[in-house]
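Below is model.txt, which holds compact mmCIF, C-alpha atoms.
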# COMPACT_ATOMS: atom_id res chain seq x y z
CA MET A 1 17.64 0.91 4.50
CA LYS A 2 16.81 0.37 0.82
CA CYS A 3 14.04 -2.16 0.29
CA LEU A 4 12.69 -1.37 -3.19
CA GLU A 5 14.39 -0.11 -6.31
CA ILE A 6 13.24 0.50 -9.86
CA ALA A 7 16.15 0.63 -12.29
CA ASP A 8 15.88 2.06 -15.81
CA VAL A 9 12.32 0.76 -16.25
CA THR A 10 10.46 1.31 -19.50
CA TYR A 11 6.90 0.03 -19.84
CA ARG A 12 4.57 -0.23 -22.81
CA TYR A 13 1.11 -1.74 -22.90
CA ASP A 14 0.78 -4.70 -25.24
CA GLY A 15 0.11 -3.51 -28.79
CA SER A 16 1.23 0.06 -28.03
CA THR A 17 4.35 1.75 -29.38
CA GLU A 18 4.19 4.63 -26.88
CA ALA A 19 5.90 3.99 -23.53
CA VAL A 20 3.96 4.86 -20.37
CA LEU A 21 7.18 4.88 -18.35
CA LYS A 22 10.45 5.85 -20.02
CA GLY A 23 13.68 4.66 -18.42
CA VAL A 24 12.64 5.59 -14.88
CA SER A 25 14.68 4.88 -11.75
CA ALA A 26 14.01 5.43 -8.03
CA VAL A 27 14.97 4.01 -4.64
CA PHE A 28 12.55 3.46 -1.75
CA GLU A 29 13.79 3.07 1.82
CA LYS A 30 12.26 1.81 5.04
CA GLY A 31 11.28 4.47 7.54
CA LYS A 32 10.14 6.98 4.92
CA VAL A 33 6.89 8.20 3.40
CA TYR A 34 6.92 8.68 -0.38
CA THR A 35 4.18 10.34 -2.38
CA ILE A 36 3.79 9.78 -6.11
CA ILE A 37 1.90 12.60 -7.76
CA GLY A 38 0.89 13.28 -11.34
CA GLN A 39 -1.99 13.89 -13.69
CA SER A 40 -4.41 11.13 -14.68
CA GLY A 41 -2.78 8.87 -17.26
CA ALA A 42 0.74 9.91 -16.25
CA GLY A 43 1.70 6.36 -15.24
CA LYS A 44 1.09 6.34 -11.48
CA SER A 45 -1.04 3.19 -11.53
CA THR A 46 1.40 1.47 -13.88
CA LEU A 47 4.24 2.22 -11.49
CA LEU A 48 2.23 0.82 -8.58
CA SER A 49 1.43 -2.35 -10.54
CA LEU A 50 5.13 -2.92 -11.17
CA ILE A 51 6.15 -2.23 -7.56
CA SER A 52 3.41 -4.47 -6.17
CA GLY A 53 4.24 -7.34 -8.52
CA LEU A 54 0.94 -7.28 -10.40
CA ASP A 55 2.83 -6.72 -13.65
CA THR A 56 6.39 -7.02 -14.91
CA CYS A 57 8.47 -4.75 -17.12
CA LYS A 58 10.19 -5.96 -20.27
CA GLU A 59 12.92 -3.32 -20.01
CA GLY A 60 14.72 -2.53 -16.77
CA GLU A 61 14.31 -4.17 -13.37
CA VAL A 62 12.38 -3.88 -10.12
CA TYR A 63 14.32 -5.08 -7.07
CA TYR A 64 13.07 -6.11 -3.64
CA ASN A 65 15.79 -6.39 -0.99
CA GLY A 66 18.36 -6.54 -3.77
CA LYS A 67 16.68 -9.39 -5.64
CA LYS A 68 15.03 -9.09 -9.04
CA LEU A 69 11.28 -9.15 -8.53
CA ARG A 70 10.79 -11.07 -11.78
CA ASN A 71 12.75 -13.99 -10.27
CA LEU A 72 10.72 -14.13 -7.04
CA ASP A 73 7.43 -15.90 -6.38
CA ARG A 74 5.25 -12.86 -6.99
CA ASP A 75 2.18 -14.38 -5.30
CA GLU A 76 4.21 -14.89 -2.13
CA TYR A 77 5.70 -11.40 -2.49
CA ARG A 78 2.24 -9.83 -2.68
CA SER A 79 0.83 -11.87 0.19
CA LYS A 80 3.75 -11.40 2.59
CA SER A 81 5.96 -8.43 1.68
CA ILE A 82 3.52 -5.83 0.35
CA GLY A 83 0.42 -4.38 2.00
CA VAL A 84 -2.01 -2.50 -0.25
CA ILE A 85 -4.53 0.13 0.89
CA PHE A 86 -7.25 0.86 -1.66
CA GLN A 87 -9.19 4.07 -2.22
CA GLY A 88 -12.40 2.04 -2.49
CA TYR A 89 -11.50 0.00 0.64
CA ASN A 90 -12.21 -3.42 -1.06
CA LEU A 91 -13.63 -4.91 2.15
CA LEU A 92 -16.27 -7.62 2.63
CA LEU A 93 -19.24 -5.39 3.40
CA ASN A 94 -21.45 -7.98 5.10
CA SER A 95 -18.65 -9.22 7.35
CA THR A 96 -17.26 -7.63 10.51
CA ALA A 97 -14.13 -5.55 10.60
CA VAL A 98 -12.30 -8.17 12.66
CA TYR A 99 -13.29 -10.94 10.21
CA ASN A 100 -11.84 -8.93 7.31
CA ILE A 101 -8.51 -8.93 9.15
CA THR A 102 -8.46 -12.62 10.09
CA LEU A 103 -9.44 -13.55 6.53
CA SER A 104 -6.45 -11.59 5.22
CA MET A 105 -4.20 -13.39 7.71
CA ASN A 106 -5.41 -16.75 6.40
CA ILE A 107 -5.00 -15.72 2.76
CA SER A 108 -1.41 -14.74 3.46
CA GLU A 109 -0.90 -18.13 5.19
CA SER A 110 -0.07 -16.68 8.58
CA ASP A 111 2.02 -18.86 10.87
CA ILE A 112 -0.64 -18.32 13.53
CA LYS A 113 -3.36 -20.90 12.88
CA ASP A 114 -5.30 -20.75 16.15
CA LYS A 115 -8.55 -18.87 15.45
CA LYS A 116 -8.72 -17.26 18.88
CA ALA A 117 -5.13 -16.04 18.63
CA GLN A 118 -5.78 -14.68 15.13
CA LYS A 119 -8.78 -12.77 16.41
CA GLU A 120 -6.80 -11.21 19.25
CA ILE A 121 -4.12 -10.10 16.81
CA ALA A 122 -6.82 -8.64 14.56
CA TYR A 123 -8.31 -6.69 17.47
CA ALA A 124 -4.82 -5.37 18.33
CA LEU A 125 -4.20 -4.27 14.71
CA LEU A 126 -7.55 -2.51 14.59
CA GLU A 127 -6.90 -0.81 17.92
CA LYS A 128 -3.58 0.42 16.52
CA VAL A 129 -5.48 2.35 13.82
CA GLY A 130 -8.15 3.65 16.21
CA ILE A 131 -10.87 0.98 15.93
CA ASP A 132 -12.08 -0.28 19.33
CA ARG A 133 -13.47 -3.78 19.95
CA GLU A 134 -17.09 -2.73 19.78
CA THR A 135 -16.56 -1.15 16.38
CA ALA A 136 -14.40 -4.08 15.26
CA ASP A 137 -17.35 -6.43 15.79
CA ARG A 138 -19.64 -4.39 13.54
CA LYS A 139 -20.22 -5.18 9.89
CA ILE A 140 -18.35 -2.99 7.44
CA LEU A 141 -21.67 -1.60 6.12
CA GLN A 142 -22.26 -0.06 9.55
CA LEU A 143 -18.96 1.83 9.58
CA SER A 144 -18.20 5.33 8.31
CA GLY A 145 -15.86 5.90 5.36
CA GLY A 146 -13.05 6.90 7.71
CA GLU A 147 -13.55 3.78 9.83
CA GLN A 148 -13.58 1.59 6.72
CA GLN A 149 -10.30 3.09 5.56
CA ARG A 150 -8.78 2.40 8.99
CA VAL A 151 -9.89 -1.22 8.65
CA GLY A 152 -8.24 -1.23 5.22
CA ILE A 153 -4.99 -0.07 6.80
CA ALA A 154 -5.20 -2.74 9.50
CA ARG A 155 -5.82 -5.38 6.83
CA ALA A 156 -2.72 -4.20 4.94
CA LEU A 157 -0.73 -4.68 8.16
CA SER A 158 -2.13 -8.15 8.90
CA HIS A 159 0.93 -9.97 7.49
CA ASP A 160 3.47 -7.41 8.78
CA PRO A 161 4.78 -6.31 5.36
CA ASP A 162 7.90 -4.19 4.81
CA VAL A 163 6.16 -2.02 2.20
CA ILE A 164 2.77 -0.30 2.45
CA ILE A 165 1.31 0.93 -0.84
CA ALA A 166 -1.68 3.28 -0.64
CA ASP A 167 -3.63 4.22 -3.77
CA GLU A 168 -5.43 7.54 -3.14
CA PRO A 169 -6.14 6.46 0.47
CA THR A 170 -7.87 9.71 1.45
CA GLY A 171 -9.71 10.42 -1.79
CA ASN A 172 -13.13 9.66 -0.28
CA LEU A 173 -12.53 11.25 3.13
CA ASP A 174 -13.25 14.63 4.66
CA GLU A 175 -10.36 16.84 5.76
CA ALA A 176 -10.40 15.87 9.44
CA THR A 177 -10.55 12.15 8.69
CA GLU A 178 -7.85 12.56 6.05
CA ALA A 179 -5.55 14.08 8.67
CA SER A 180 -6.06 11.17 11.07
CA VAL A 181 -5.38 8.58 8.34
CA LEU A 182 -2.23 10.44 7.27
CA GLU A 183 -1.05 10.47 10.88
CA ILE A 184 -1.38 6.67 10.96
CA LEU A 185 0.57 6.26 7.71
CA THR A 186 3.32 8.60 8.91
CA ARG A 187 3.60 6.70 12.19
CA LEU A 188 3.94 3.40 10.33
CA ALA A 189 6.96 4.78 8.48
CA HIS A 190 8.68 6.79 11.19
CA GLU A 191 7.95 4.62 14.24
CA GLU A 192 7.55 1.11 12.77
CA ASN A 193 10.15 1.42 9.98
CA LYS A 194 7.78 0.64 7.11
CA CYS A 195 8.30 1.94 3.60
CA VAL A 196 5.08 3.82 2.83
CA ILE A 197 4.33 4.74 -0.80
CA ILE A 198 1.24 6.86 -1.48
CA VAL A 199 -0.24 7.72 -4.85
CA THR A 200 -2.25 10.92 -4.57
CA HIS A 201 -3.63 14.06 -6.17
CA SER A 202 -3.88 15.78 -2.78
CA GLU A 203 -1.53 18.58 -1.70
CA ASN A 204 -2.38 17.68 1.94
CA VAL A 205 -1.04 14.19 1.40
CA THR A 206 2.04 15.42 -0.44
CA ALA A 207 2.82 17.72 2.49
CA ILE A 208 3.55 14.75 4.82
CA ALA A 209 6.04 13.09 2.46
CA ASP A 210 9.69 12.63 3.23
CA GLU A 211 10.17 12.48 -0.54
CA VAL A 212 7.90 13.56 -3.40
CA ILE A 213 8.09 11.79 -6.76
CA GLY A 214 6.33 13.48 -9.65
CA ILE A 215 5.44 11.74 -12.91
CA ARG A 216 5.17 13.68 -16.15
CA ALA A 217 5.42 12.47 -19.73
CA GLY A 218 6.62 9.05 -18.59
CA LYS A 219 9.51 10.44 -16.51
CA LEU A 220 9.99 10.56 -12.75
CA LEU A 221 10.74 13.94 -11.21
CA ILE A 222 12.37 13.19 -7.87
CA GLY A 223 11.64 15.85 -5.28
CA GLU A 224 9.31 17.76 -7.59
CA LYS A 225 5.56 18.30 -7.72
CA VAL A 226 3.73 18.35 -11.04
Go ahead and render the structure in this file as structure tokens.
Amino acid sequence: MKCLEIADVTYRYDGSTEAVLKGVSAVFEKGKVYTIIGQSGAGKSTLLSLISGLDTCKEGEVYYNGKKLRNLDRDEYRSKSIGVIFQGYNLLLNSTAVYNITLSMNISESDIKDKKAQKEIAYALLEKVGIDRETADRKILQLSGGEQQRVGIARALSHDPDVIIADEPTGNLDEATEASVLEILTRLAHEENKCVIIVTHSENVTAIADEVIGIRAGKLLIGEKV
């Protein structure tokens, strides 16, 4: 099922005459893993910013569930419909893993207000990505890079979004840990019907994709590596 679409999008930075993205179009469906691959400066981050609602295009449209993203409440869209996984984790280092999850639930204005219930949900999300309760109660500073990234994935899932966006999610991980994180992301798409979009430079990451989208010279190359 189609959940995201970019239609004939052209993007220029303010004050620049050169377009970063040039009339690009693509469709993203639930239940699939997409990888976006390209050289530095090719426009990957710009594309992510548009998809995640952090920026808007002046030419073309981005659609979410058939509705123009520019007409939606983008703060609500980001807090409820999109989950973002960062390369640098972006976690509260002096707080526990479980607190990072409950905080995200509160920021997204979860319908579940009871603190105890929130905590149980957070434990369950962390267990889903391989973090047991003992580890969940540790501060982020005490966790390995792989464990921190798993917490980042759980946080992205805390408001049950349709779309998971991962920006170089395995860039700081060793090969074995990378494989386990990729297994989680694949499972989210294929078993939980999420749309998973991964920006990467890694051939290992690209290998798990249902669809590869290359970016070169401001154009999207559907099904091609660059």
Mind checking which residues fall within 8 Å of Gly145 in chain A, counting only C-alpha atoms, ignoring those fewer than 2 positions away in the same chain, and posting them as an MDAnalysis selection string? chainID A and resid 143 147:149 172:173
Restricting the calculation to only C-alpha atoms: of A:Ile165, A:Ala156, A:Ala209, A:Ile85, which residue gets closest to Ile51 in chain A?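 The answer is A:Ile165, which sits nearest to Ile51 in chain A.
A cut-off of 10 Å from the point (6.0, 17.0, 0.6), with only C-alpha atoms, picks out the residues Val33, Tyr34, Thr35, Glu203, Asn204, Val205, Thr206, Ala207, Ile208, Ala209, Asp210, Glu211, Val212, Ile213, Gly223, Glu224 and Lys225 of chain A.
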CA of Val196 in chain A and CA of Lys32 in chain A, how far apart in Å?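 So the two atoms, CA of Lys32 in chain A and CA of Val196 in chain A, lie 6.3 Å apart.
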Env of His159 in chain A: 8 Å cut, atoms = all atoms listed in the file, seq-sep filter 5 positions within chain, self excluded. Answer as a list in words.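 Residues near the query, excluding close chain neighbours: Ser79, Lys80, Ser81, Gly83, Ser104, Met105, Ser108 and Ser110 of chain A.
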Selected residue, from A:Ala26, A:Leu93, A:Val9, A:Val84, that lies nearest to Glu59 in chain A when counting all atoms listed in the file: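 Of A:Ala26, A:Leu93, A:Val9, A:Val84, the one nearest Glu59 in chain A, counting all atoms listed in the file, is A:Val9.
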Find the distance between CA of Ile37 in chain A and CA of Leu220 in chain A and write it in Å to one decimal.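 It comes out at 9.7 Å.
For the atom pair formed by CA of Lys68 in chain A and CA of Lys194 in chain A, the distance is 20.2 Å, given to one decimal.
Candidate residues A:Leu21, A:Leu125, A:Leu188, A:Ile6 were compared for distance to Arg155 in chain A, and the nearest is A:Leu125, using only C-alpha atoms.
Candidate residues A:Ser144, A:Ser158, A:Thr135, A:Asn65 were compared for distance to Thr102 in chain A, and the nearest is A:Ser158, using all atoms listed in the file.
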Which is closer to Ala42 in chain A than all the others in A:Asp137, A:Ile222, A:Glu192, A:Ile215, using all atoms listed in the file? A:Ile215
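Every protein, DNA or RNA residue with an atom at most 9 Å from His201 in chain A, where all atoms listed in the file count and chain neighbours fewer than 6 positions away do not, is listed here: Ile36, Ile37, Gly38, Gln39, Glu168 and Gly171 of chain A.
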Nearest residue to Leu4 in chain A out of A:Gly66, A:Gly23, A:Gly60, A:Gly43, using only C-alpha atoms?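 Smallest distance to Leu4 in chain A is found for A:Gly66.
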Env of Gln118 in chain A: 10 Å cut, atoms = all atoms listed in the file, seq-sep filter 5 positions within chain, self excluded. Answer as JSON, numbers by chain. {"A": [98, 99, 101, 102, 103, 105, 106, 110, 111, 112, 113, 123, 124, 158]}
Would you list the contacts of Ile140 in chain A as a list in words, taking every protein, DNA or RNA residue within 8 Å and counting all atoms listed in the file, but skipping same-chain residues closer than 4 positions in sequence? Leu91, Leu92, Leu93, Asn94, Ser95, Thr96, Ala97 and Gln148 of chain A
Would you list the residues near (14.5, 7.4, -20.1), meaning any protein, DNA or RNA residue with an atom at most 12 Å from that point in file coordinates, counting all atoms listed in the file, as a list in words? Ala7, Asp8, Val9, Thr10, Tyr11, Ala19, Val20, Leu21, Lys22, Gly23, Val24, Ser25, Glu59, Gly60, Arg216, Ala217, Gly218, Lys219, Leu220 and Leu221 of chain A
Centre and edge lengths, as AutoDock Vina command-line options, for the axis-aligned box enclosing every listed atom of range 173-181 of chain A with 6 Å of padding on each of the six sides, in Å to one decimal?
--center_x -9.3 --center_y 12.7 --center_z 7.1 --size_x 19.9 --size_y 20.3 --size_z 19.9
My structure is short of atoms at range 55-79 of chain A; please model N, CA, C and O atoms there, returning them as a PDB file, keeping the file's coordinate frame.
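What ended up in out-v3.pdb:
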ATOM      1  N   ASP A  55       2.381  -6.713 -12.265  1.00  0.00           N
ATOM      2  CA  ASP A  55       2.830  -6.720 -13.650  1.00  0.00           C
ATOM      3  C   ASP A  55       4.358  -6.715 -13.657  1.00  0.00           C
ATOM      4  O   ASP A  55       4.987  -6.427 -12.635  1.00  0.00           O
ATOM      5  N   THR A  56       4.933  -7.046 -14.788  1.00  0.00           N
ATOM      6  CA  THR A  56       6.390  -7.020 -14.910  1.00  0.00           C
ATOM      7  C   THR A  56       6.788  -6.161 -16.108  1.00  0.00           C
ATOM      8  O   THR A  56       6.028  -6.026 -17.064  1.00  0.00           O
ATOM      9  N   CYS A  57       7.967  -5.573 -16.020  1.00  0.00           N
ATOM     10  CA  CYS A  57       8.470  -4.750 -17.120  1.00  0.00           C
ATOM     11  C   CYS A  57       9.347  -5.595 -18.035  1.00  0.00           C
ATOM     12  O   CYS A  57      10.002  -6.540 -17.589  1.00  0.00           O
ATOM     13  N   LYS A  58       9.342  -5.256 -19.304  1.00  0.00           N
ATOM     14  CA  LYS A  58      10.190  -5.960 -20.270  1.00  0.00           C
ATOM     15  C   LYS A  58      11.566  -5.301 -20.388  1.00  0.00           C
ATOM     16  O   LYS A  58      12.519  -5.916 -20.851  1.00  0.00           O
ATOM     17  N   GLU A  59      11.646  -4.042 -19.975  1.00  0.00           N
ATOM     18  CA  GLU A  59      12.920  -3.320 -20.010  1.00  0.00           C
ATOM     19  C   GLU A  59      13.192  -2.736 -18.620  1.00  0.00           C
ATOM     20  O   GLU A  59      12.349  -2.049 -18.061  1.00  0.00           O
ATOM     21  N   GLY A  60      14.398  -2.981 -18.107  1.00  0.00           N
ATOM     22  CA  GLY A  60      14.720  -2.530 -16.770  1.00  0.00           C
ATOM     23  C   GLY A  60      14.348  -3.564 -15.727  1.00  0.00           C
ATOM     24  O   GLY A  60      13.875  -4.653 -16.046  1.00  0.00           O
ATOM     25  N   GLU A  61      14.565  -3.225 -14.451  1.00  0.00           N
ATOM     26  CA  GLU A  61      14.310  -4.170 -13.370  1.00  0.00           C
ATOM     27  C   GLU A  61      13.660  -3.485 -12.167  1.00  0.00           C
ATOM     28  O   GLU A  61      13.876  -2.302 -11.918  1.00  0.00           O
ATOM     29  N   VAL A  62      12.866  -4.266 -11.436  1.00  0.00           N
ATOM     30  CA  VAL A  62      12.380  -3.880 -10.120  1.00  0.00           C
ATOM     31  C   VAL A  62      13.033  -4.824  -9.118  1.00  0.00           C
ATOM     32  O   VAL A  62      13.016  -6.053  -9.309  1.00  0.00           O
ATOM     33  N   TYR A  63      13.633  -4.275  -8.073  1.00  0.00           N
ATOM     34  CA  TYR A  63      14.320  -5.080  -7.070  1.00  0.00           C
ATOM     35  C   TYR A  63      13.620  -4.970  -5.725  1.00  0.00           C
ATOM     36  O   TYR A  63      13.159  -3.892  -5.334  1.00  0.00           O
ATOM     37  N   TYR A  64      13.550  -6.090  -5.027  1.00  0.00           N
ATOM     38  CA  TYR A  64      13.070  -6.110  -3.640  1.00  0.00           C
ATOM     39  C   TYR A  64      14.174  -6.720  -2.779  1.00  0.00           C
ATOM     40  O   TYR A  64      14.585  -7.853  -3.011  1.00  0.00           O
ATOM     41  N   ASN A  65      14.663  -5.952  -1.838  1.00  0.00           N
ATOM     42  CA  ASN A  65      15.790  -6.390  -0.990  1.00  0.00           C
ATOM     43  C   ASN A  65      16.952  -6.915  -1.826  1.00  0.00           C
ATOM     44  O   ASN A  65      17.571  -7.939  -1.499  1.00  0.00           O
ATOM     45  N   GLY A  66      17.216  -6.220  -2.931  1.00  0.00           N
ATOM     46  CA  GLY A  66      18.360  -6.540  -3.770  1.00  0.00           C
ATOM     47  C   GLY A  66      18.148  -7.669  -4.756  1.00  0.00           C
ATOM     48  O   GLY A  66      19.052  -7.982  -5.533  1.00  0.00           O
ATOM     49  N   LYS A  67      16.963  -8.281  -4.745  1.00  0.00           N
ATOM     50  CA  LYS A  67      16.680  -9.390  -5.640  1.00  0.00           C
ATOM     51  C   LYS A  67      15.705  -8.959  -6.735  1.00  0.00           C
ATOM     52  O   LYS A  67      14.761  -8.205  -6.462  1.00  0.00           O
ATOM     53  N   LYS A  68      15.918  -9.438  -7.944  1.00  0.00           N
ATOM     54  CA  LYS A  68      15.030  -9.090  -9.040  1.00  0.00           C
ATOM     55  C   LYS A  68      13.629  -9.643  -8.769  1.00  0.00           C
ATOM     56  O   LYS A  68      13.459 -10.840  -8.528  1.00  0.00           O
ATOM     57  N   LEU A  69      12.648  -8.744  -8.828  1.00  0.00           N
ATOM     58  CA  LEU A  69      11.280  -9.150  -8.530  1.00  0.00           C
ATOM     59  C   LEU A  69      10.780 -10.194  -9.530  1.00  0.00           C
ATOM     60  O   LEU A  69      10.022 -11.102  -9.176  1.00  0.00           O
ATOM     61  N   ARG A  70      11.239 -10.125 -10.762  1.00  0.00           N
ATOM     62  CA  ARG A  70      10.790 -11.070 -11.780  1.00  0.00           C
ATOM     63  C   ARG A  70      11.218 -12.506 -11.459  1.00  0.00           C
ATOM     64  O   ARG A  70      10.623 -13.460 -11.962  1.00  0.00           O
ATOM     65  N   ASN A  71      12.255 -12.655 -10.628  1.00  0.00           N
ATOM     66  CA  ASN A  71      12.750 -13.990 -10.270  1.00  0.00           C
ATOM     67  C   ASN A  71      12.141 -14.532  -8.985  1.00  0.00           C
ATOM     68  O   ASN A  71      12.400 -15.677  -8.610  1.00  0.00           O
ATOM     69  N   LEU A  72      11.351 -13.709  -8.293  1.00  0.00           N
ATOM     70  CA  LEU A  72      10.720 -14.130  -7.040  1.00  0.00           C
ATOM     71  C   LEU A  72       9.348 -14.724  -7.310  1.00  0.00           C
ATOM     72  O   LEU A  72       8.761 -14.528  -8.379  1.00  0.00           O
ATOM     73  N   ASP A  73       8.821 -15.450  -6.331  1.00  0.00           N
ATOM     74  CA  ASP A  73       7.430 -15.900  -6.380  1.00  0.00           C
ATOM     75  C   ASP A  73       6.551 -14.677  -6.096  1.00  0.00           C
ATOM     76  O   ASP A  73       6.463 -14.220  -4.955  1.00  0.00           O
ATOM     77  N   ARG A  74       5.955 -14.132  -7.141  1.00  0.00           N
ATOM     78  CA  ARG A  74       5.250 -12.860  -6.990  1.00  0.00           C
ATOM     79  C   ARG A  74       3.983 -12.998  -6.157  1.00  0.00           C
ATOM     80  O   ARG A  74       3.550 -12.047  -5.494  1.00  0.00           O
ATOM     81  N   ASP A  75       3.354 -14.168  -6.161  1.00  0.00           N
ATOM     82  CA  ASP A  75       2.180 -14.380  -5.300  1.00  0.00           C
ATOM     83  C   ASP A  75       2.593 -14.312  -3.835  1.00  0.00           C
ATOM     84  O   ASP A  75       1.908 -13.685  -3.011  1.00  0.00           O
ATOM     85  N   GLU A  76       3.710 -14.934  -3.506  1.00  0.00           N
ATOM     86  CA  GLU A  76       4.210 -14.890  -2.130  1.00  0.00           C
ATOM     87  C   GLU A  76       4.644 -13.470  -1.771  1.00  0.00           C
ATOM     88  O   GLU A  76       4.405 -13.005  -0.647  1.00  0.00           O
ATOM     89  N   TYR A  77       5.275 -12.792  -2.700  1.00  0.00           N
ATOM     90  CA  TYR A  77       5.700 -11.400  -2.490  1.00  0.00           C
ATOM     91  C   TYR A  77       4.503 -10.519  -2.143  1.00  0.00           C
ATOM     92  O   TYR A  77       4.527  -9.753  -1.176  1.00  0.00           O
ATOM     93  N   ARG A  78       3.418 -10.662  -2.916  1.00  0.00           N
ATOM     94  CA  ARG A  78       2.240  -9.830  -2.680  1.00  0.00           C
ATOM     95  C   ARG A  78       1.533 -10.179  -1.379  1.00  0.00           C
ATOM     96  O   ARG A  78       0.964  -9.307  -0.726  1.00  0.00           O
ATOM     97  N   SER A  79       1.567 -11.445  -1.006  1.00  0.00           N
ATOM     98  CA  SER A  79       0.830 -11.870   0.190  1.00  0.00           C
ATOM     99  C   SER A  79       1.616 -11.675   1.478  1.00  0.00           C
ATOM    100  O   SER A  79       1.033 -11.674   2.567  1.00  0.00           O
TER     101      SER A  79
END
